[in-house]
>>> print(open('protein26.txt').read())   # compact mmCIF, C-alpha atoms and all ligand atoms
# COMPACT_ATOMS: atom_id res chain seq x y z
CA MET A 71 44.29 293.82 5.18
CA GLY A 72 41.91 291.83 3.03
CA LYS A 73 43.25 288.44 4.02
CA LYS A 74 41.07 285.51 5.02
CA VAL A 75 42.16 283.39 7.96
CA LEU A 76 40.56 280.24 9.31
CA ALA A 77 41.33 278.95 12.80
CA VAL A 78 39.92 275.47 13.36
CA TYR A 79 40.33 273.58 16.60
CA TYR A 80 38.78 271.50 19.33
CA SER A 81 39.16 272.47 22.96
CA GLN A 82 37.74 270.60 25.91
CA SER A 83 38.50 272.95 28.79
CA GLY A 84 38.75 276.09 26.68
CA GLN A 85 42.53 276.41 27.12
CA LEU A 86 43.29 275.95 23.43
CA GLU A 87 40.48 278.35 22.57
CA GLN A 88 42.13 281.02 24.74
CA ILE A 89 45.42 280.40 22.96
CA ILE A 90 43.77 280.69 19.53
CA ASP A 91 41.97 283.88 20.63
CA HIS A 92 45.21 285.54 21.66
CA PHE A 93 47.12 284.34 18.62
CA THR A 94 44.50 285.60 16.18
CA LEU A 95 43.79 288.95 17.88
CA PRO A 96 46.50 290.83 15.91
CA PHE A 97 45.00 289.47 12.67
CA VAL A 98 41.56 290.76 13.67
CA GLN A 99 43.03 294.15 14.66
CA SER A 100 44.82 294.41 11.32
CA GLY A 101 41.51 294.06 9.49
CA ALA A 102 41.88 290.48 8.30
CA THR A 103 38.75 288.32 8.26
CA VAL A 104 39.24 285.71 10.94
CA GLU A 105 36.83 282.78 11.02
CA LYS A 106 37.14 280.81 14.24
CA LEU A 107 35.64 277.34 14.12
CA ARG A 108 35.60 275.35 17.34
CA VAL A 109 34.45 271.81 16.61
CA TYR A 110 32.54 269.61 19.04
CA PRO A 111 32.46 265.82 19.12
CA GLU A 112 29.07 264.26 18.44
CA ARG A 113 29.29 262.73 21.91
CA ALA A 114 31.23 265.00 24.25
CA TYR A 115 34.18 263.49 26.08
CA PRO A 116 33.56 263.58 29.82
CA PHE A 117 34.97 266.57 31.64
CA PRO A 118 35.88 265.85 34.38
CA TRP A 119 37.21 262.56 33.10
CA THR A 120 37.07 259.37 35.12
CA GLY A 121 40.11 257.11 35.22
CA ARG A 122 38.30 254.61 33.02
CA SER A 123 37.10 257.09 30.38
CA PHE A 124 40.50 258.81 30.26
CA PHE A 125 42.49 255.68 29.47
CA SER A 126 39.80 254.21 27.22
CA VAL A 127 40.56 256.76 24.46
CA MET A 128 44.21 255.70 24.27
CA PRO A 129 43.98 253.03 21.54
CA ASP A 130 41.97 255.20 19.12
CA CYS A 131 44.26 258.18 19.74
CA VAL A 132 47.40 256.20 19.07
CA ASN A 133 45.89 254.35 16.08
CA GLN A 134 44.53 257.67 14.76
CA VAL A 135 40.98 256.39 14.46
CA PRO A 136 38.75 259.38 13.67
CA GLY A 137 35.56 259.97 15.66
CA LYS A 138 32.41 261.88 14.78
CA LEU A 139 31.96 265.65 15.07
CA GLN A 140 28.80 267.71 15.29
CA PRO A 141 27.96 269.21 11.88
CA PHE A 142 30.13 272.17 10.97
CA SER A 143 30.89 274.16 7.85
CA PHE A 144 33.42 276.61 6.50
CA LYS A 145 32.20 280.01 5.37
CA GLU A 146 34.72 280.35 2.56
CA SER A 147 35.92 278.02 -0.15
CA GLY A 148 39.54 279.03 0.43
CA TYR A 149 41.74 280.91 2.90
CA ASP A 150 45.06 282.76 2.86
CA LEU A 151 46.05 281.03 6.09
CA ILE A 152 44.71 278.14 8.15
CA ILE A 153 45.54 277.88 11.84
CA PHE A 154 45.09 274.32 12.99
CA GLY A 155 44.85 274.06 16.78
CA TYR A 156 45.33 270.61 18.21
CA GLN A 157 46.09 269.00 21.54
CA ALA A 158 48.16 265.87 22.20
CA TRP A 159 46.34 262.93 23.71
CA PHE A 160 48.59 259.97 24.47
CA LEU A 161 51.41 261.35 22.32
CA SER A 162 49.05 261.55 19.34
CA PRO A 163 46.68 264.18 17.98
CA SER A 164 43.48 264.13 20.09
CA ILE A 165 40.61 262.22 18.46
CA PRO A 166 38.67 265.40 17.58
CA SER A 167 41.82 266.97 16.08
CA ASN A 168 42.46 263.86 14.09
CA THR A 169 38.85 263.88 12.91
CA ILE A 170 39.27 267.42 11.55
CA LEU A 171 42.35 266.27 9.65
CA MET A 172 40.42 263.38 8.08
CA ASP A 173 37.43 265.54 7.10
CA PRO A 174 37.20 265.67 3.28
CA ARG A 175 36.06 269.33 3.31
CA PHE A 176 38.97 270.33 5.51
CA ARG A 177 41.35 268.41 3.28
CA GLU A 178 39.96 270.24 0.26
CA ILE A 179 40.26 273.77 1.67
CA ALA A 180 43.71 273.08 3.14
CA LYS A 181 45.07 272.12 -0.25
CA ASP A 182 47.86 274.49 -1.38
CA THR A 183 47.19 276.65 1.69
CA PRO A 184 49.71 277.77 4.32
CA VAL A 185 48.97 276.11 7.66
CA ILE A 186 50.22 277.07 11.12
CA THR A 187 49.78 274.39 13.77
CA ILE A 188 49.42 275.45 17.38
CA THR A 189 49.08 273.32 20.48
CA GLY A 190 48.44 273.76 24.18
CA ALA A 191 49.91 270.56 25.61
CA ARG A 192 51.17 269.32 28.96
CA ASN A 193 54.72 269.01 27.62
CA MET A 194 54.82 266.09 25.19
CA TRP A 195 53.64 267.20 21.75
CA LEU A 196 56.51 266.11 19.47
CA SER A 197 55.10 262.72 18.51
CA ALA A 198 51.62 264.13 17.93
CA MET A 199 53.12 266.73 15.61
CA GLU A 200 55.09 264.03 13.82
CA LYS A 201 51.77 262.31 13.09
CA ILE A 202 50.18 265.54 11.86
CA LYS A 203 52.97 266.43 9.42
CA PRO A 204 52.39 263.56 6.95
CA VAL A 205 48.61 264.01 7.11
CA LEU A 206 48.98 267.68 6.14
CA LYS A 207 51.34 266.64 3.40
CA SER A 208 48.84 264.07 2.11
CA MET A 209 46.30 266.88 1.50
CA ASP A 210 48.96 269.13 -0.12
CA ALA A 211 48.70 271.68 2.68
CA ARG A 212 51.83 273.78 3.26
CA LEU A 213 53.00 273.63 6.86
CA VAL A 214 54.62 277.04 7.41
CA GLY A 215 54.66 277.34 11.17
CA ASN A 216 54.37 275.41 14.39
CA ILE A 217 53.84 276.82 17.86
CA ALA A 218 53.78 274.76 21.03
CA LEU A 219 52.63 276.04 24.40
CA VAL A 220 53.38 273.76 27.31
CA ASP A 221 53.24 273.50 31.06
CA ARG A 222 56.76 274.60 32.00
CA HIS A 223 56.88 272.86 35.37
CA HIS A 224 58.88 269.69 35.96
CA ASN A 225 57.51 266.59 34.21
CA PHE A 226 56.50 264.96 37.53
CA ILE A 227 54.75 268.08 38.77
CA SER A 228 52.79 268.67 35.57
CA PHE A 229 51.82 264.98 35.51
CA VAL A 230 50.25 265.29 38.95
CA THR A 231 48.60 268.63 38.28
CA ILE A 232 47.16 267.70 34.90
CA PHE A 233 45.43 264.70 36.45
CA TYR A 234 43.94 266.95 39.12
CA TRP A 235 42.74 269.30 36.37
CA MET A 236 41.38 266.53 34.13
CA PHE A 237 39.72 264.56 36.95
CA LYS A 238 38.21 267.61 38.70
CA ALA A 239 37.69 269.86 35.66
CA LYS A 240 39.26 272.71 37.64
CA LYS A 241 42.35 274.50 36.38
CA GLU A 242 43.34 275.23 39.96
CA ARG A 243 46.15 274.46 42.39
CA PHE A 244 46.00 270.93 43.77
CA LEU A 245 46.06 270.99 47.61
CA ASN A 246 47.05 274.64 47.42
CA LEU A 247 50.54 273.22 47.18
CA PHE A 248 51.07 272.44 43.52
CA PRO A 249 51.19 275.09 40.77
CA VAL A 250 48.23 275.86 38.50
CA PRO A 251 48.09 273.12 35.83
CA GLY A 252 48.49 273.57 32.10
CA VAL A 253 49.83 276.46 30.06
CA SER A 254 50.38 279.54 32.23
CA GLU A 255 48.23 282.65 31.81
CA GLN A 256 51.38 284.59 30.94
CA ASP A 257 52.30 282.19 28.12
CA ILE A 258 48.74 282.27 26.80
CA LEU A 259 48.80 286.09 26.77
CA ASN A 260 52.20 286.04 25.09
CA THR A 261 50.73 284.14 22.13
CA GLY A 262 49.56 287.55 20.90
CA HIS A 263 53.21 288.39 20.15
CA TYR A 264 53.47 285.34 17.91
CA GLY A 265 50.36 286.47 16.05
CA GLN A 266 51.83 289.95 15.73
CA ALA A 267 55.03 288.46 14.31
CA ALA A 268 52.98 286.51 11.76
CA LEU A 269 51.29 289.63 10.33
CA PRO A 270 53.98 290.74 7.85
CA PHE A 271 54.23 287.16 6.54
CA LEU A 272 50.47 287.01 6.05
CA GLU A 273 50.50 290.41 4.35
CA LYS A 274 53.23 289.34 1.91
CA GLY A 275 51.81 285.84 1.43
CA ASN A 276 55.34 284.58 1.87
CA TRP A 277 56.10 282.51 4.97
CA GLN A 278 59.80 282.08 4.42
CA GLY A 279 61.54 282.68 7.76
CA PHE A 280 58.40 282.55 9.91
CA GLN A 281 59.30 279.38 11.77
CA GLU A 282 62.83 280.66 12.40
CA GLU A 283 61.22 283.75 13.95
CA MET A 284 59.03 281.54 16.16
CA VAL A 285 62.05 279.55 17.32
CA LYS A 286 63.83 282.82 18.12
CA GLN A 287 60.83 283.95 20.18
CA GLY A 288 60.80 280.68 22.15
CA ALA A 289 57.48 279.53 20.66
CA VAL A 290 58.63 275.93 20.11
CA PRO A 291 60.36 274.60 23.24
CA VAL A 292 62.13 271.27 22.70
CA LYS A 293 63.62 269.83 25.87
CA TYR A 294 66.08 266.96 25.60
CA SER A 295 64.73 264.80 28.44
CA LEU A 296 61.17 265.00 27.10
CA MET A 297 62.30 264.36 23.53
CA PHE A 298 64.15 261.28 24.82
CA ILE A 299 61.16 259.97 26.80
CA GLU A 300 58.77 260.53 23.89
CA SER A 301 61.03 258.74 21.42
CA LYS A 302 60.86 255.59 23.57
CA ALA A 303 57.27 255.95 24.76
CA ARG A 304 55.66 256.43 21.36
CA LYS A 305 56.89 253.00 20.21
CA ILE A 306 55.68 251.34 23.39
CA PHE A 307 52.29 253.11 23.22
CA LYS A 308 51.90 251.76 19.68
CA VAL A 309 52.40 248.20 20.97
CA TRP A 310 49.90 248.71 23.82
CA ALA A 311 47.36 250.29 21.45
CA GLY A 312 47.77 247.41 19.00
CA ILE A 313 47.16 244.83 21.72
CA ILE A 314 44.28 246.63 23.44
CA SER A 315 42.39 247.55 20.27
CA LYS A 316 42.11 243.85 19.40
CA ARG A 317 40.45 242.97 22.75
CA LYS A 318 36.70 242.88 23.22
CA LYS A 319 37.09 243.25 26.98
CA ARG A 320 39.55 246.09 27.43
CA ASP A 321 39.16 247.15 31.05
CA ALA A 322 41.86 244.96 32.60
CA TRP A 323 44.28 245.88 29.80
CA LEU A 324 43.63 249.58 30.26
CA VAL A 325 44.30 249.26 33.98
CA ALA A 326 47.55 247.46 33.15
CA PHE A 327 48.46 250.30 30.77
CA LYS A 328 47.74 252.85 33.49
CA TYR A 329 50.16 251.12 35.89
CA TYR A 330 52.71 250.72 33.11
CA LEU A 331 52.51 254.49 32.53
CA LEU A 332 53.04 255.30 36.20
CA ILE A 333 55.99 252.92 36.53
CA ALA A 334 57.50 254.07 33.22
CA LEU A 335 57.29 257.73 34.14
CA PHE A 336 58.21 257.72 37.81
CA ILE A 337 60.64 254.80 37.98
CA ALA A 338 61.96 253.69 34.58
CA ALA A 339 62.36 257.11 32.94
CA PRO A 340 64.60 258.63 35.67
CA ILE A 341 66.83 255.53 35.64
CA ILE A 342 67.12 255.43 31.85
CA LEU A 343 67.73 259.19 31.68
CA THR A 344 70.50 258.91 34.28
CA VAL A 345 72.19 256.07 32.38
CA ASP A 346 71.83 258.07 29.17
CA ALA A 347 73.26 261.22 30.80
CA ILE A 348 76.38 259.31 31.89
CA PHE A 349 77.08 256.98 28.99
CA PHE A 350 75.48 258.41 25.83
CA LYS A 351 74.36 262.03 25.92
CA PRO A 352 77.85 263.54 26.33
CA PHE A 353 78.97 261.87 23.10
CA LEU A 354 75.90 262.69 21.04
CA SER A 355 75.73 266.47 21.24
CA GLY A 356 75.78 266.92 17.44
CA ARG A 357 72.97 264.44 16.93
CA ILE A 358 70.90 265.92 19.76
CA LYS A 359 71.31 269.41 18.29
CA ARG A 360 70.11 268.17 14.89
CA GLN A 361 67.13 266.41 16.46
CA LYS A 362 66.14 269.55 18.37
CA GLN A 363 66.44 271.60 15.19
CA TYR A 364 64.29 269.09 13.35
CA TYR A 365 61.52 269.09 15.97
CA SER A 366 61.45 272.84 16.26
CA GLY A 367 61.23 273.20 12.48
CA VAL A 368 58.44 272.44 10.04
CA ASN A 369 60.19 270.26 7.48
C1 LIG A 401 43.14 261.90 27.30
C2 LIG A 401 44.23 262.94 27.39
C3 LIG A 401 45.53 262.60 27.07
C4 LIG A 401 46.54 263.58 27.09
N1 LIG A 401 47.81 263.24 26.70
C5 LIG A 401 48.75 264.20 26.58
C6 LIG A 401 50.03 263.90 26.02
O1 LIG A 401 50.33 262.78 25.60
N2 LIG A 401 50.96 264.90 25.99
C7 LIG A 401 50.69 266.17 26.44
O2 LIG A 401 51.57 267.02 26.39
N3 LIG A 401 49.48 266.49 26.94
C8 LIG A 401 48.50 265.54 27.01
N4 LIG A 401 47.24 265.87 27.48
C9 LIG A 401 46.93 267.30 27.76
C10 LIG A 401 46.30 267.95 26.51
O3 LIG A 401 47.23 267.98 25.44
C11 LIG A 401 45.81 269.38 26.76
O4 LIG A 401 46.86 270.17 27.22
C12 LIG A 401 44.71 269.48 27.78
O5 LIG A 401 43.79 268.43 27.58
C13 LIG A 401 43.96 270.81 27.66
O6 LIG A 401 43.47 270.98 26.33
P1 LIG A 401 42.04 271.58 25.98
O7 LIG A 401 42.27 272.94 25.38
O8 LIG A 401 41.40 270.63 25.00
O9 LIG A 401 41.25 271.65 27.25
C14 LIG A 401 46.23 264.91 27.49
C15 LIG A 401 44.92 265.23 27.85
C16 LIG A 401 43.93 264.29 27.77
C17 LIG A 401 42.51 264.66 28.12
>>> encode(input="protein26.txt", output="structure tokens")
Amino acid sequence: MGKKVLAVYYSQSGQLEQIIDHFTLPFVQSGATVEKLRVYPERAYPFPWTGRSFFSVMPDCVNQVPGKLQPFSFKESGYDLIIFGYQAWFLSPSIPSNTILMDPRFREIAKDTPVITITGARNMWLSAMEKIKPVLKSMDARLVGNIALVDRHHNFISFVTIFYWMFKAKKERFLNLFPVPGVSEQDILNTGHYGQAALPFLEKGNWQGFQEEMVKQGAVPVKYSLMFIESKARKIFKVWAGIISKRKKRDAWLVAFKYYLLIALFIAAPIILTVDAIFFKPFLSGRIKRQKQYYSGVN
């Protein structure tokens, strides 16, 4: 197959890189030319993170302020398919992902080109994707597919384990008690099936029906409780980011945000979800179904 595919992404721990590798393997095996471009920030984000460095990126993530990347270039002037790998940071595209999207050369090559977005998130990627959609549209890229790999454990569990992973830089079990953080090895391996399913679409150059196929294969999980939490949290994050980005001295505000996040997740969210489950959710099944369909689609 003489098709040209570009996969462009940032990955801090290498998890997203593994996902991209598995997704693109069937393309490589079919004879397509696959150019993988992992970008690196000019100044690497700390890994392991400290509490301070972790929360300090929140305002720029939420406000979608691009950063600086080490020099990179594309080998071709155009591609038959672009795979854009991104990760969510604070319910927004990570700063390096956002920087790729703002890069004039990327914007030029993505014009009129089919794009598949793929993420390896904890479990909250909907709002980040909602921010990516209009940016892709603004460069006349054609979003034809979206795949989301997540940590499938309970929201509380994955919250604890991701902090262990991020603050120790070890994708290992915390206290030998908690599960391995992040996207499971099995789900990462399974990404190869999604790549395999994409082959006939790439061959034909017609992506009609691809996203429906991904939904059928379980490649875009949308869970009601997480969708509900994100819909509230993204508005509140925006307010926090607006306030904090205006401050010269941010430390105390970032600490306040950290405690807000803990209280919101572990105390407020369960209460609000319980109230919602009793008084609202049972009467909104049609609306919830439409919302789920919307988030798992690409329109
Ligand atoms: C600063 C920061 C914020 C994050 N915020 C979110 C988030 O809002 N939602 C989510 O699902 N995952 C979040 N994650 C997890 C990432 O999306 C991603 O799964 C993890 O960082 C591994 O990606 P990697 O391939 O870059 O190592 C966050 C991670 C970092 C470092």
>>> residues_around(input="protein26.txt", residues="stretch 163-171 of chain A", least_positions_apart="4", cutoff="6 Å", atoms="only C-alpha atoms", output="ChimeraX atom specification")
/A:131,136-137,156-159,198
>>> axis_aligned_box(input="protein26.txt", around="ligand LIG 401 (chain A)", padding_each_side="5 Å", output="lines of an AutoDock Vina configuration file")
center_x = 46.4
center_y = 267.4
center_z = 26.6
size_x = 20.3
size_y = 21.0
size_z = 13.1
>>> residues_around(input="protein26.txt", residues="A:Ser301", least_positions_apart="5", cutoff="12 Å", atoms="all atoms listed in the file", output="list in words")
Leu161, Met194, Trp195, Leu196, Ser197, Ala198, Glu200, Tyr294, Ser295, Leu296, Ile306, Phe307, Lys308, Ala339, Gln361 and Tyr365 of chain A
>>> residues_near_ligand(input="protein26.txt", ligand="ligand LIG 401 (chain A)", cutoff="8 Å", atoms="only C-alpha atoms and all ligand atoms", output="PyMOL selection string")
chain A and resi 80-87+119+124-125+127-128+156-162+164+189-195+198+220+232+236+252-253
>>> closest_residue(input="protein26.txt", among="A:Ala268, A:Ala289, A:Ile89, A:Leu139", to="A:Arg113", atoms="only C-alpha atoms")
A:Leu139
>>> decode(input="protein26.txt", residues="stretch 158-170 of chain A", atoms="N, CA and C atoms", output="short mmCIF file (atom, residue, chain, number, x, y, z; two decimals), in the first residue's frame")
data_model
loop_
_atom_site.label_atom_id
_atom_site.label_comp_id
_atom_site.auth_asym_id
_atom_site.auth_seq_id
_atom_site.Cartn_x
_atom_site.Cartn_y
_atom_site.Cartn_z
N ALA A 158 -4.57 14.20 28.00
CA ALA A 158 -5.29 15.26 28.73
C ALA A 158 -4.46 15.66 29.94
N TRP A 159 -4.30 16.95 30.09
CA TRP A 159 -3.74 17.50 31.33
C TRP A 159 -4.78 18.49 31.85
N PHE A 160 -5.26 18.28 33.02
CA PHE A 160 -6.27 19.18 33.61
C PHE A 160 -7.45 19.42 32.67
N LEU A 161 -7.98 18.33 32.16
CA LEU A 161 -9.16 18.34 31.29
C LEU A 161 -8.94 19.15 30.01
N SER A 162 -7.72 19.30 29.61
CA SER A 162 -7.36 20.08 28.41
C SER A 162 -6.27 19.30 27.68
N PRO A 163 -6.01 19.65 26.41
CA PRO A 163 -4.87 18.99 25.77
C PRO A 163 -3.60 19.38 26.51
N SER A 164 -2.66 18.45 26.69
CA SER A 164 -1.40 18.79 27.38
C SER A 164 -0.72 19.95 26.64
N ILE A 165 0.15 20.66 27.32
CA ILE A 165 0.78 21.83 26.68
C ILE A 165 1.55 21.41 25.41
N PRO A 166 2.36 20.32 25.46
CA PRO A 166 3.03 19.94 24.21
C PRO A 166 2.05 19.59 23.08
N SER A 167 0.95 18.92 23.42
CA SER A 167 -0.04 18.58 22.38
C SER A 167 -0.63 19.84 21.78
N ASN A 168 -0.94 20.76 22.66
CA ASN A 168 -1.51 22.02 22.22
C ASN A 168 -0.53 22.79 21.34
N THR A 169 0.75 22.66 21.67
CA THR A 169 1.78 23.36 20.90
C THR A 169 1.87 22.79 19.49
N ILE A 170 1.71 21.47 19.38
CA ILE A 170 1.71 20.86 18.03
C ILE A 170 0.56 21.46 17.22
#
